[in-house]
file target-v2.cif (mmCIF, C-alpha atoms)
data_target
#
loop_
_atom_site.label_atom_id
_atom_site.label_comp_id
_atom_site.auth_asym_id
_atom_site.auth_seq_id
_atom_site.Cartn_x
_atom_site.Cartn_y
_atom_site.Cartn_z
CA MET A 1 -0.63 -16.55 -12.09
CA ARG A 2 1.17 -13.73 -13.87
CA VAL A 3 -1.10 -10.92 -14.99
CA ARG A 4 0.30 -7.78 -16.56
CA PHE A 5 -0.85 -4.46 -15.22
CA GLY A 6 -1.32 -3.57 -18.88
CA VAL A 7 -4.59 -1.73 -18.43
CA ALA A 8 -3.64 -0.37 -15.04
CA LEU A 9 -0.38 1.04 -16.33
CA LEU A 10 -2.32 3.05 -18.88
CA SER A 11 -3.79 4.99 -15.96
CA LEU A 12 -0.40 6.56 -15.38
CA VAL A 13 -0.42 7.89 -18.92
CA LEU A 14 -4.09 8.86 -18.78
CA LEU A 15 -3.39 11.15 -15.84
CA TRP A 16 -2.67 13.80 -18.45
CA LEU A 17 -5.82 13.09 -20.51
CA PRO A 18 -9.49 14.07 -19.94
CA THR A 19 -11.57 11.40 -18.22
CA ALA A 20 -14.17 9.77 -20.45
CA GLY A 21 -17.69 9.13 -19.16
CA TRP A 22 -19.20 5.67 -18.92
CA ALA A 23 -22.00 4.82 -21.36
CA GLN A 24 -25.37 4.06 -19.75
CA LEU A 25 -26.17 0.35 -19.76
CA ALA A 26 -29.30 -0.85 -21.55
CA PRO A 27 -31.93 -2.51 -19.28
CA SER A 28 -31.71 -6.27 -18.97
CA PRO A 29 -34.45 -8.29 -20.76
CA ASP A 30 -34.93 -10.12 -17.45
CA ALA A 31 -35.55 -6.91 -15.52
CA PRO A 32 -38.98 -6.53 -13.86
CA PRO A 33 -41.56 -4.47 -15.79
CA VAL A 34 -41.78 -0.75 -15.09
CA SER A 35 -44.89 0.19 -13.13
CA THR A 36 -47.44 2.42 -14.90
CA ALA A 37 -49.67 2.83 -11.83
CA PRO A 38 -50.58 6.42 -10.84
CA PRO A 39 -48.51 7.98 -8.04
CA PRO A 40 -49.81 7.54 -4.48
CA PRO A 41 -51.77 10.33 -2.79
CA PRO A 42 -49.69 13.10 -1.19
CA ASP A 43 -50.11 11.66 2.29
CA GLN A 44 -48.60 8.39 1.06
CA GLN A 45 -45.61 9.90 -0.74
CA PRO A 46 -42.26 8.53 0.52
CA ILE A 47 -40.48 10.74 3.02
CA ALA A 48 -37.35 12.36 1.65
CA THR A 49 -34.10 11.14 3.16
CA PHE A 50 -30.81 12.96 3.36
CA LYS A 51 -27.36 11.43 3.16
CA LEU A 52 -25.09 12.51 6.01
CA ASN A 53 -21.38 12.19 5.36
CA VAL A 54 -19.16 12.17 8.41
CA ASN A 55 -15.52 12.99 7.79
CA LEU A 56 -14.07 10.45 10.21
CA VAL A 57 -10.30 10.02 10.26
CA ASP A 58 -9.03 6.60 11.29
CA LEU A 59 -5.45 5.99 12.39
CA PHE A 60 -3.59 2.71 12.68
CA PHE A 61 -0.42 3.05 14.74
CA THR A 62 2.06 1.29 16.98
CA VAL A 63 3.83 2.59 20.08
CA ARG A 64 7.35 1.77 21.27
CA ASP A 65 9.06 2.67 24.53
CA LYS A 66 12.54 4.13 25.02
CA LYS A 67 14.07 0.67 24.63
CA GLY A 68 12.29 0.10 21.32
CA GLU A 69 9.87 -2.45 22.74
CA LEU A 70 6.23 -2.46 21.60
CA VAL A 71 3.85 -0.97 24.18
CA PRO A 72 0.56 -2.88 24.59
CA HIS A 73 -2.51 -2.18 26.75
CA LEU A 74 -2.74 1.58 26.24
CA THR A 75 -6.14 3.28 26.59
CA LYS A 76 -7.73 6.39 25.09
CA SER A 77 -6.72 8.46 28.12
CA ASP A 78 -3.05 7.60 27.47
CA CYS A 79 -2.97 9.21 24.01
CA ALA A 80 -3.56 12.60 22.41
CA ILE A 81 -4.10 13.44 18.74
CA SER A 82 -3.57 16.80 17.06
CA GLU A 83 -4.23 17.91 13.49
CA ASP A 84 -2.15 20.80 12.19
CA LYS A 85 -1.19 21.37 15.86
CA VAL A 86 -4.85 21.67 16.94
CA PRO A 87 -5.92 19.09 19.60
CA GLN A 88 -8.65 16.69 18.46
CA THR A 89 -11.26 14.74 20.40
CA ILE A 90 -10.72 10.99 20.11
CA LYS A 91 -14.01 9.24 19.35
CA THR A 92 -12.90 5.61 19.47
CA PHE A 93 -9.72 3.90 20.61
CA VAL A 94 -9.12 0.16 20.39
CA ALA A 95 -6.09 -2.07 20.78
CA GLU A 96 -6.39 -4.32 17.73
CA THR A 97 -4.63 -7.66 17.53
CA ASP A 98 -7.03 -9.59 15.32
CA LEU A 99 -8.59 -7.13 12.88
CA PRO A 100 -8.56 -8.52 9.29
CA LEU A 101 -5.47 -7.52 7.35
CA THR A 102 -5.12 -6.79 3.64
CA LEU A 103 -1.51 -7.09 2.58
CA GLY A 104 0.36 -6.29 -0.62
CA ILE A 105 3.82 -7.80 -1.17
CA LEU A 106 5.96 -5.94 -3.72
CA LEU A 107 9.04 -7.82 -4.89
CA ASP A 108 11.92 -6.10 -6.67
CA THR A 109 13.02 -8.38 -9.53
CA SER A 110 15.33 -5.94 -11.30
CA GLY A 111 18.87 -6.91 -12.23
CA SER A 112 20.37 -5.43 -9.06
CA GLN A 113 18.51 -8.02 -6.94
CA GLU A 114 19.83 -11.12 -8.68
CA ARG A 115 22.02 -12.23 -5.75
CA VAL A 116 19.42 -11.61 -3.03
CA LEU A 117 16.20 -12.80 -4.72
CA PRO A 118 16.51 -16.38 -3.34
CA LEU A 119 16.78 -14.95 0.19
CA GLU A 120 13.66 -12.85 -0.38
CA GLN A 121 11.71 -15.81 -1.70
CA GLU A 122 12.59 -18.07 1.22
CA ALA A 123 11.99 -15.54 4.00
CA GLY A 124 8.91 -14.08 2.31
CA SER A 125 7.27 -17.49 1.99
CA GLN A 126 7.88 -18.24 5.67
CA PHE A 127 6.45 -14.86 6.68
CA LEU A 128 3.25 -15.42 4.72
CA GLN A 129 2.80 -18.83 6.31
CA GLN A 130 3.05 -17.25 9.76
CA VAL A 131 1.15 -13.98 9.36
CA LEU A 132 -1.87 -14.84 7.18
CA ARG A 133 -5.03 -15.96 8.92
CA SER A 134 -8.30 -17.18 7.45
CA LYS A 135 -9.87 -13.69 7.30
CA ASP A 136 -6.74 -12.00 5.88
CA GLU A 137 -5.93 -11.51 2.21
CA ALA A 138 -2.75 -10.72 0.29
CA PHE A 139 -1.50 -10.27 -3.25
CA LEU A 140 1.95 -10.34 -4.85
CA ILE A 141 3.44 -7.91 -7.36
CA SER A 142 6.87 -7.97 -8.97
CA PHE A 143 8.46 -4.86 -10.43
CA ASP A 144 11.46 -4.41 -12.71
CA VAL A 145 11.18 -2.97 -16.23
CA ASN A 146 7.49 -3.87 -15.85
CA VAL A 147 4.95 -4.15 -13.05
CA ASP A 148 3.33 -7.59 -12.92
CA LEU A 149 0.64 -9.11 -10.74
CA LEU A 150 2.02 -12.54 -9.87
CA GLN A 151 -0.83 -13.52 -7.52
CA ASP A 152 -4.15 -11.80 -6.99
CA PHE A 153 -5.96 -11.55 -3.65
CA THR A 154 -5.97 -14.83 -1.73
CA ASN A 155 -5.76 -16.02 1.85
CA SER A 156 -3.70 -19.02 0.77
CA ALA A 157 -0.10 -18.67 1.91
CA HIS A 158 0.70 -21.68 -0.28
CA GLU A 159 -0.50 -19.95 -3.46
CA LEU A 160 1.39 -16.78 -2.59
CA ALA A 161 4.58 -18.69 -1.80
CA HIS A 162 4.27 -20.63 -5.05
CA ALA A 163 3.96 -17.40 -7.02
CA MET A 164 6.87 -15.83 -5.13
CA ASN A 165 9.13 -18.80 -5.81
CA LYS A 166 8.39 -18.53 -9.54
CA ALA A 167 9.51 -14.89 -9.68
CA GLN A 168 12.55 -14.29 -11.87
CA ILE A 169 15.00 -11.48 -12.39
CA ASN A 170 13.94 -9.51 -15.43
CA THR A 171 15.88 -6.85 -17.30
CA ALA A 172 14.86 -5.31 -20.61
CA GLY A 173 16.33 -8.33 -22.36
CA GLY A 174 15.18 -10.95 -19.88
CA ASN A 175 18.07 -11.70 -17.53
CA GLY A 176 20.31 -9.83 -19.88
CA ALA A 177 19.67 -11.98 -22.93
CA GLY A 178 17.00 -12.45 -25.55
CA ILE A 179 14.46 -10.17 -27.16
CA PRO A 180 11.70 -8.69 -24.97
CA GLY A 181 8.39 -10.30 -25.78
CA LEU A 182 9.99 -13.28 -27.56
CA GLY A 183 10.95 -15.49 -24.67
CA GLY A 184 13.38 -12.92 -23.31
CA GLY A 185 11.03 -11.08 -20.99
CA PRO A 186 7.78 -9.13 -21.37
CA VAL A 187 7.54 -5.98 -23.41
CA PRO A 188 7.80 -2.82 -21.26
CA THR A 189 4.47 -1.02 -21.16
CA ILE A 190 5.27 2.43 -19.75
CA GLY A 191 7.18 4.66 -22.11
CA ASP A 192 10.79 3.54 -22.16
CA PRO A 193 11.56 2.25 -18.64
CA LYS A 194 15.21 1.89 -17.73
CA GLY A 195 15.26 -0.62 -14.95
CA THR A 196 13.24 -0.50 -11.72
CA LEU A 197 9.67 0.85 -11.62
CA LEU A 198 9.42 1.09 -7.84
CA TYR A 199 7.29 4.25 -7.66
CA ASP A 200 4.97 3.03 -10.42
CA ALA A 201 4.49 -0.24 -8.51
CA ILE A 202 3.54 1.60 -5.31
CA TYR A 203 1.09 3.81 -7.20
CA LEU A 204 -0.56 0.87 -8.95
CA ALA A 205 -0.78 -1.27 -5.84
CA SER A 206 -2.40 1.64 -3.99
CA THR A 207 -4.85 2.77 -6.67
CA GLU A 208 -5.66 -0.47 -8.49
CA LYS A 209 -5.56 -3.09 -5.72
CA LEU A 210 -5.88 -1.58 -2.24
CA ASN A 211 -8.09 1.42 -3.00
CA GLN A 212 -11.36 -0.51 -2.59
CA GLU A 213 -10.29 -2.41 0.53
CA THR A 214 -11.30 -1.34 4.03
CA GLY A 215 -9.78 -1.84 7.45
CA ARG A 216 -6.08 -2.45 8.01
CA LYS A 217 -4.02 -2.21 4.85
CA ALA A 218 -0.27 -2.62 4.58
CA MET A 219 2.33 -2.93 1.87
CA ILE A 220 5.66 -4.72 2.31
CA ILE A 221 8.29 -3.86 -0.29
CA LEU A 222 11.47 -5.88 -0.70
CA THR A 223 13.86 -3.69 -2.66
CA ASP A 224 17.16 -1.87 -2.70
CA GLY A 225 15.16 1.37 -2.74
CA GLU A 226 16.39 2.63 -6.09
CA ASP A 227 13.97 3.67 -8.82
CA GLU A 228 14.86 4.10 -12.45
CA GLY A 229 12.31 4.74 -15.16
CA SER A 230 9.02 5.31 -13.28
CA ARG A 231 6.58 7.84 -14.64
CA THR A 232 5.30 8.33 -11.09
CA LYS A 233 7.37 10.62 -8.87
CA ILE A 234 8.14 9.60 -5.31
CA ASP A 235 5.81 12.20 -3.77
CA ALA A 236 2.92 11.03 -5.96
CA ALA A 237 3.60 7.42 -5.01
CA ILE A 238 3.53 8.32 -1.32
CA ALA A 239 0.37 10.40 -1.76
CA SER A 240 -1.41 7.46 -3.43
CA ALA A 241 -0.72 5.35 -0.34
CA GLU A 242 -1.73 8.16 2.04
CA ARG A 243 -5.04 8.72 0.23
CA ASN A 244 -5.87 5.04 0.70
CA ASN A 245 -4.59 4.81 4.31
CA ILE A 246 -1.90 2.25 3.50
CA ILE A 247 1.06 1.62 5.78
CA ILE A 248 4.25 0.82 3.88
CA TYR A 249 7.09 -1.24 5.28
CA VAL A 250 10.29 -1.24 3.26
CA ILE A 251 12.73 -4.09 3.78
CA LEU A 252 15.89 -2.67 2.32
CA ILE A 253 17.81 -5.60 0.92
CA ALA A 254 20.78 -4.76 -1.26
CA ASP A 255 24.02 -6.38 -2.28
CA ARG A 256 26.01 -3.18 -1.82
CA ALA A 257 29.30 -4.87 -2.72
CA GLY A 258 27.87 -5.50 -6.16
CA TYR A 259 27.29 -1.77 -6.69
CA TRP A 260 30.87 -0.87 -5.85
CA MET A 261 32.26 -3.72 -7.95
CA GLN A 262 30.40 -2.29 -10.94
CA GLY A 263 31.67 1.21 -10.22
CA MET A 264 28.24 2.50 -9.13
CA GLY A 265 27.18 4.29 -5.99
CA TYR A 266 24.24 3.22 -3.86
CA TYR A 267 21.47 5.79 -3.31
CA GLY A 268 18.36 3.84 -2.28
CA TYR A 269 18.29 4.38 1.48
CA SER A 270 16.93 7.93 1.73
CA ALA A 271 14.07 7.35 -0.74
CA ALA A 272 13.06 4.10 0.95
CA LYS A 273 13.06 5.76 4.38
CA LYS A 274 10.93 8.65 3.11
CA ILE A 275 8.32 6.21 1.73
CA ALA A 276 8.13 4.24 4.98
CA ASP A 277 8.19 7.17 7.41
CA GLU A 278 5.53 9.26 5.69
CA THR A 279 3.01 6.40 5.46
CA GLY A 280 3.38 5.31 9.09
CA GLY A 281 5.51 2.28 8.35
CA ARG A 282 9.15 1.56 8.92
CA LEU A 283 12.35 0.93 7.00
CA ILE A 284 14.38 -2.11 8.05
CA ASP A 285 17.84 -2.35 6.51
CA VAL A 286 19.00 -5.98 6.25
CA GLY A 287 21.79 -5.68 3.68
CA ASN A 288 22.09 -9.11 2.08
CA ASN A 289 21.92 -11.01 5.37
CA GLY A 290 19.44 -13.90 5.47
CA PRO A 291 18.94 -14.04 9.28
CA LYS A 292 18.42 -10.27 9.39
CA LEU A 293 15.79 -10.59 6.68
CA GLN A 294 13.93 -13.24 8.66
CA ALA A 295 14.14 -11.04 11.77
CA ALA A 296 12.73 -8.10 9.79
CA PHE A 297 9.67 -10.12 8.80
CA SER A 298 9.20 -11.15 12.44
CA GLU A 299 9.31 -7.50 13.54
CA ILE A 300 6.68 -6.55 10.96
CA GLU A 301 4.47 -9.43 12.04
CA ASP A 302 4.67 -8.29 15.66
CA GLU A 303 3.77 -4.71 14.72
CA LEU A 304 0.82 -5.75 12.57
CA ARG A 305 -0.54 -7.76 15.50
CA THR A 306 0.10 -5.03 18.10
CA GLN A 307 -1.64 -2.02 16.59
CA TYR A 308 -3.98 0.60 17.94
CA VAL A 309 -6.90 2.04 16.00
CA ALA A 310 -8.14 5.53 16.86
CA THR A 311 -10.74 7.70 15.14
CA TYR A 312 -11.69 11.36 15.37
CA THR A 313 -13.83 13.90 13.53
CA PRO A 314 -11.61 16.84 12.48
CA SER A 315 -12.38 20.18 14.05
CA ASN A 316 -11.43 21.73 10.70
CA THR A 317 -14.59 21.05 8.67
CA LYS A 318 -13.44 22.63 5.40
CA LEU A 319 -13.87 20.34 2.40
CA ASP A 320 -10.87 21.72 0.56
CA GLY A 321 -8.81 18.59 -0.25
CA THR A 322 -5.75 19.99 1.52
CA PHE A 323 -3.18 17.87 3.34
CA ARG A 324 -3.61 17.83 7.10
CA HIS A 325 -0.66 16.92 9.34
CA ILE A 326 -1.26 14.49 12.19
CA ALA A 327 0.64 14.04 15.44
CA VAL A 328 -0.06 11.35 18.04
CA GLN A 329 1.45 11.21 21.52
CA CYS A 330 1.05 8.26 23.88
CA GLY A 331 2.96 8.77 27.08
CA GLU A 332 6.23 10.51 27.80
CA GLY A 333 9.23 9.02 26.04
CA ASN A 334 7.21 6.69 23.83
CA LYS A 335 7.56 6.82 20.06
CA VAL A 336 4.40 6.58 17.96
CA GLN A 337 4.64 5.13 14.46
CA VAL A 338 1.77 6.67 12.46
CA ARG A 339 1.15 8.18 9.04
CA ARG A 340 2.18 11.81 8.73
CA GLY A 341 -1.30 13.00 7.71
CA TYR A 342 -4.20 12.71 5.29
CA PHE A 343 -5.93 14.58 2.49
CA ALA A 344 -9.17 16.30 3.50
CA MET A 345 -12.38 15.42 1.72
CA THR A 346 -13.73 17.52 -1.13
CA PRO A 347 -17.37 18.27 -2.05
CA GLN A 348 -16.99 15.81 -4.94
CA SER A 349 -15.84 13.00 -2.63
CA GLN A 350 -19.01 13.39 -0.55
CA GLN A 351 -21.33 12.85 -3.51
#
call {"tool": "encode", "arguments": {"input": "target-v2.cif", "output": "structure tokens"}}
result
Amino acid sequence: MRVRFGVALLSLVLLWLPTAGWAQLAPSPDAPPVSTAPPPPPDQQPIATFKLNVNLVDLFFTVRDKKGELVPHLTKSDCAISEDKVPQTIKTFVAETDLPLTLGILLDTSGSQERVLPLEQEAGSQFLQQVLRSKDEAFLISFDVNVDLLQDFTNSAHELAHAMNKAQINTAGGNGAGIPGLGGGPVPTIGDPKGTLLYDAIYLASTEKLNQETGRKAMIILTDGEDEGSRTKIDAAIASAERNNIIIYVILIADRAGYWMQGMGYYGYSAAKKIADETGGRLIDVGNNGPKLQAAFSEIEDELRTQYVATYTPSNTKLDGTFRHIAVQCGEGNKVQVRRGYFAMTPQSQQ
């Protein structure tokens, strides 16, 4: 299934426009009749209830020792959390190995990935077969001069693999030939994109697909890390993932020899690392090596099944929407992989 993010992409343009209100729906003809009975006596009036919003921060993280090995079996007493350098009281702490997982796979199908796309399809299909369980869900997006939903939410690894194997390299002219929209590739829908809408894809996956999901959410991006043509800036793309508590893993797969042969430099590493580090994920550089790519997927699978979940109520109770920095420590010498922070709630978000 190939569905264009046509409507979703408009949201990137509409960021600069006023938000329109929704029209009130007319009552259904099948709706029950409205009561005309007099109100009950004062002593039978319903008791007023008040909505209590608790600003609870939840953190999904992994811990590795000095040798880089995952550390299981930690308890709440082994870890400490601080927010903007102020210690916080941990409310809950659980080692999660089987919590449902919502996963987004983002596949770079721009021209620079032509030589490595078959490797991505083979290893990605195997990963989905291994990692998805009955209560998990995943979707697949490709990004190039467009952002396309190749497979919507499903727990079928077979459907996802089928969609992944149908993905094709797409440039503005459709593999370098033909007229966009006339058998030579879809018509670009954001301004005048130049080649690889990586940041737009992250923003759309975060705000249009994963924003309504709860629990563990992760995004795996197979790309060379280079963006060209996105309306979304890298910081806005990262913020969209942070607001929705999404961990991003970037598998950096790039045929670097191809860049030098074409007289171009390669600049994707630093951006890809920034995206992964700031969302609590990890960058894994595999070059164009098939076995390394398979090993990268295995590492991600292990991390997703060896996570801790901790929650706390911030001591800073201001509803100001500011960014709060988080630090987690779990034993001396251990390295904690966690998102860099979160955006505080606002009065509007509590309504």
call {"tool": "closest_residue", "arguments": {"input": "target-v2.cif", "among": "A:Thr279, A:Gln121, A:Thr97, A:Thr109", "to": "A:Arg305", "atoms": "only C-alpha atoms"}}
result
A:Thr97
call {"tool": "residues_around", "arguments": {"input": "target-v2.cif", "residues": "stretch 55-68 of chain A", "least_positions_apart": "2", "cutoff": "8 Å", "atoms": "all atoms listed in the file", "output": "list in words"}}
result
Asn53, Leu70, Val71, Pro72, Arg216, Gly280, Glu303, Thr306, Gln307, Tyr308, Val309, Ala310, Thr311, Tyr312, Thr313, Pro314, Cys330, Gly333, Asn334, Lys335, Val336, Gln337, Val338, Arg339 and Met345 of chain A
call {"tool": "closest_residue", "arguments": {"input": "target-v2.cif", "among": "A:Ala327, A:Leu74, A:Cys79, A:Ile220", "to": "A:Ala138", "atoms": "all atoms listed in the file"}}
result
A:Ile220
call {"tool": "atom_distance", "arguments": {"input": "target-v2.cif", "atom1": "atom CA of A:Glu278", "atom2": "atom CA of A:Leu222"}}
result
17.5 Å
call {"tool": "atom_distance", "arguments": {"input": "target-v2.cif", "atom1": "atom CA of A:Gly290", "atom2": "atom CA of A:Gly268"}}
result
19.4 Å
call {"tool": "resolve_selection", "arguments": {"input": "target-v2.cif", "expression": "the PyMOL selection byres ((chain A and resi 298) around 12)", "output": "list in words"}}
result
Ala123, Gly124, Gln126, Phe127, Leu128, Gln129, Gln130, Val131, Ile251, Ile284, Pro291, Lys292, Leu293, Gln294, Ala295, Ala296, Phe297, Glu299, Ile300, Glu301, Asp302, Glu303, Leu304 and Arg305 of chain A
call {"tool": "write_last_selection", "arguments": {"input": "target-v2.cif", "atoms": "C-alpha atoms", "output": "PDB file, keeping the file's coordinate frame"}}
result
ATOM      1  CA  ALA A 123      11.990 -15.540   4.000  1.00  0.00           C
ATOM      2  CA  GLY A 124       8.910 -14.080   2.310  1.00  0.00           C
ATOM      3  CA  GLN A 126       7.880 -18.240   5.670  1.00  0.00           C
ATOM      4  CA  PHE A 127       6.450 -14.860   6.680  1.00  0.00           C
ATOM      5  CA  LEU A 128       3.250 -15.420   4.720  1.00  0.00           C
ATOM      6  CA  GLN A 129       2.800 -18.830   6.310  1.00  0.00           C
ATOM      7  CA  GLN A 130       3.050 -17.250   9.760  1.00  0.00           C
ATOM      8  CA  VAL A 131       1.150 -13.980   9.360  1.00  0.00           C
ATOM      9  CA  ILE A 251      12.730  -4.090   3.780  1.00  0.00           C
ATOM     10  CA  ILE A 284      14.380  -2.110   8.050  1.00  0.00           C
ATOM     11  CA  PRO A 291      18.940 -14.040   9.280  1.00  0.00           C
ATOM     12  CA  LYS A 292      18.420 -10.270   9.390  1.00  0.00           C
ATOM     13  CA  LEU A 293      15.790 -10.590   6.680  1.00  0.00           C
ATOM     14  CA  GLN A 294      13.930 -13.240   8.660  1.00  0.00           C
ATOM     15  CA  ALA A 295      14.140 -11.040  11.770  1.00  0.00           C
ATOM     16  CA  ALA A 296      12.730  -8.100   9.790  1.00  0.00           C
ATOM     17  CA  PHE A 297       9.670 -10.120   8.800  1.00  0.00           C
ATOM     18  CA  GLU A 299       9.310  -7.500  13.540  1.00  0.00           C
ATOM     19  CA  ILE A 300       6.680  -6.550  10.960  1.00  0.00           C
ATOM     20  CA  GLU A 301       4.470  -9.430  12.040  1.00  0.00           C
ATOM     21  CA  ASP A 302       4.670  -8.290  15.660  1.00  0.00           C
ATOM     22  CA  GLU A 303       3.770  -4.710  14.720  1.00  0.00           C
ATOM     23  CA  LEU A 304       0.820  -5.750  12.570  1.00  0.00           C
ATOM     24  CA  ARG A 305      -0.540  -7.760  15.500  1.00  0.00           C
TER      25      ARG A 305
END
call {"tool": "residues_near_point", "arguments": {"input": "target-v2.cif", "point": "(9.8, 4.1, -9.2)", "cutoff": "9 Å", "atoms": "only C-alpha atoms", "output": "CSV table (one decimal) with C-alpha atoms, in the frame of the given file"}}
result
chain,number,residue,atom,x,y,z
A,196,THR,CA,13.2,-0.5,-11.7
A,197,LEU,CA,9.7,0.8,-11.6
A,198,LEU,CA,9.4,1.1,-7.8
A,199,TYR,CA,7.3,4.2,-7.7
A,200,ASP,CA,5.0,3.0,-10.4
A,201,ALA,CA,4.5,-0.2,-8.5
A,202,ILE,CA,3.5,1.6,-5.3
A,203,TYR,CA,1.1,3.8,-7.2
A,225,GLY,CA,15.2,1.4,-2.7
A,226,GLU,CA,16.4,2.6,-6.1
A,227,ASP,CA,14.0,3.7,-8.8
A,228,GLU,CA,14.9,4.1,-12.4
A,229,GLY,CA,12.3,4.7,-15.2
A,230,SER,CA,9.0,5.3,-13.3
A,231,ARG,CA,6.6,7.8,-14.6
A,232,THR,CA,5.3,8.3,-11.1
A,233,LYS,CA,7.4,10.6,-8.9
A,234,ILE,CA,8.1,9.6,-5.3
A,237,ALA,CA,3.6,7.4,-5.0
call {"tool": "closest_residue", "arguments": {"input": "target-v2.cif", "among": "A:Asp148, A:Asp108, A:Asp98, A:Glu69", "to": "A:Arg133", "atoms": "all atoms listed in the file"}}
result
A:Asp98
call {"tool": "residues_around", "arguments": {"input": "target-v2.cif", "residues": "A:Glu83", "least_positions_apart": "4", "cutoff": "7 Å", "atoms": "only C-alpha atoms", "output": "NGL selection string"}}
result
:A and (87-88 or 324-327)
call {"tool": "closest_residue", "arguments": {"input": "target-v2.cif", "among": "A:Glu96, A:Thr346, A:Leu149, A:Ile238", "to": "A:His73", "atoms": "all atoms listed in the file"}}
result
A:Glu96
call {"tool": "atom_distance", "arguments": {"input": "target-v2.cif", "atom1": "atom CA of A:Val145", "atom2": "atom CA of A:Ile169"}}
result
10.1 Å
call {"tool": "closest_residue", "arguments": {"input": "target-v2.cif", "among": "A:Ile248, A:Leu283, A:Ala344, A:Met164", "to": "A:Leu319", "atoms": "only C-alpha atoms"}}
result
A:Ala344
call {"tool": "resolve_selection", "arguments": {"input": "target-v2.cif", "expression": "the PyMOL selection byres ((chain A and resi 100) around 10)", "output": "list in words"}}
result
Glu96, Thr97, Asp98, Leu99, Leu101, Thr102, Leu103, Leu132, Arg133, Ser134, Lys135, Asp136, Glu137, Thr214, Gly215, Arg216 and Lys217 of chain A
call {"tool": "closest_residue", "arguments": {"input": "target-v2.cif", "among": "A:Thr92, A:Thr223, A:Glu242, A:Asp255", "to": "A:Thr75", "atoms": "only C-alpha atoms"}}
result
A:Thr92
call {"tool": "resolve_selection", "arguments": {"input": "target-v2.cif", "expression": "the PyMOL selection byres ((chain A and resi 115) around 9)", "output": "PyMOL selection string"}}
result
chain A and resi 111-114+116-119+254-255+258+288
call {"tool": "build_atoms", "arguments": {"input": "target-v2.cif", "residues": "stretch 73-88 of chain A", "atoms": "N, CA and C atoms", "output": "short mmCIF file (atom, residue, chain, number, x, y, z; two decimals), in the coordinates of the input"}}
result
data_model
loop_
_atom_site.label_atom_id
_atom_site.label_comp_id
_atom_site.auth_asym_id
_atom_site.auth_seq_id
_atom_site.Cartn_x
_atom_site.Cartn_y
_atom_site.Cartn_z
N HIS A 73 -1.58 -2.49 25.65
CA HIS A 73 -2.51 -2.18 26.75
C HIS A 73 -2.68 -0.70 27.03
N LEU A 74 -2.45 0.17 26.05
CA LEU A 74 -2.74 1.58 26.24
C LEU A 74 -4.25 1.81 26.11
N THR A 75 -4.74 2.91 26.69
CA THR A 75 -6.14 3.28 26.59
C THR A 75 -6.27 4.68 25.97
N LYS A 76 -7.50 5.08 25.71
CA LYS A 76 -7.73 6.39 25.09
C LYS A 76 -7.16 7.52 25.94
N SER A 77 -7.21 7.40 27.24
CA SER A 77 -6.72 8.46 28.12
C SER A 77 -5.20 8.58 28.09
N ASP A 78 -4.51 7.57 27.53
CA ASP A 78 -3.05 7.60 27.47
C ASP A 78 -2.54 8.36 26.25
N CYS A 79 -3.42 8.64 25.29
CA CYS A 79 -2.97 9.21 24.01
C CYS A 79 -3.67 10.52 23.69
N ALA A 80 -3.01 11.32 22.87
CA ALA A 80 -3.56 12.60 22.41
C ALA A 80 -3.26 12.74 20.92
N ILE A 81 -4.24 13.26 20.18
CA ILE A 81 -4.10 13.44 18.74
C ILE A 81 -4.27 14.92 18.42
N SER A 82 -3.41 15.44 17.55
CA SER A 82 -3.57 16.80 17.06
C SER A 82 -3.49 16.81 15.54
N GLU A 83 -4.23 17.74 14.95
CA GLU A 83 -4.23 17.91 13.49
C GLU A 83 -3.81 19.33 13.19
N ASP A 84 -2.73 19.47 12.45
CA ASP A 84 -2.15 20.80 12.19
C ASP A 84 -1.98 21.57 13.51
N LYS A 85 -1.50 20.85 14.52
CA LYS A 85 -1.19 21.37 15.86
C LYS A 85 -2.41 21.74 16.68
N VAL A 86 -3.62 21.40 16.19
CA VAL A 86 -4.85 21.67 16.94
C VAL A 86 -5.31 20.37 17.59
N PRO A 87 -5.48 20.32 18.93
CA PRO A 87 -5.92 19.09 19.60
C PRO A 87 -7.27 18.62 19.07
N GLN A 88 -7.42 17.30 18.95
CA GLN A 88 -8.65 16.69 18.46
C GLN A 88 -9.26 15.80 19.54
#
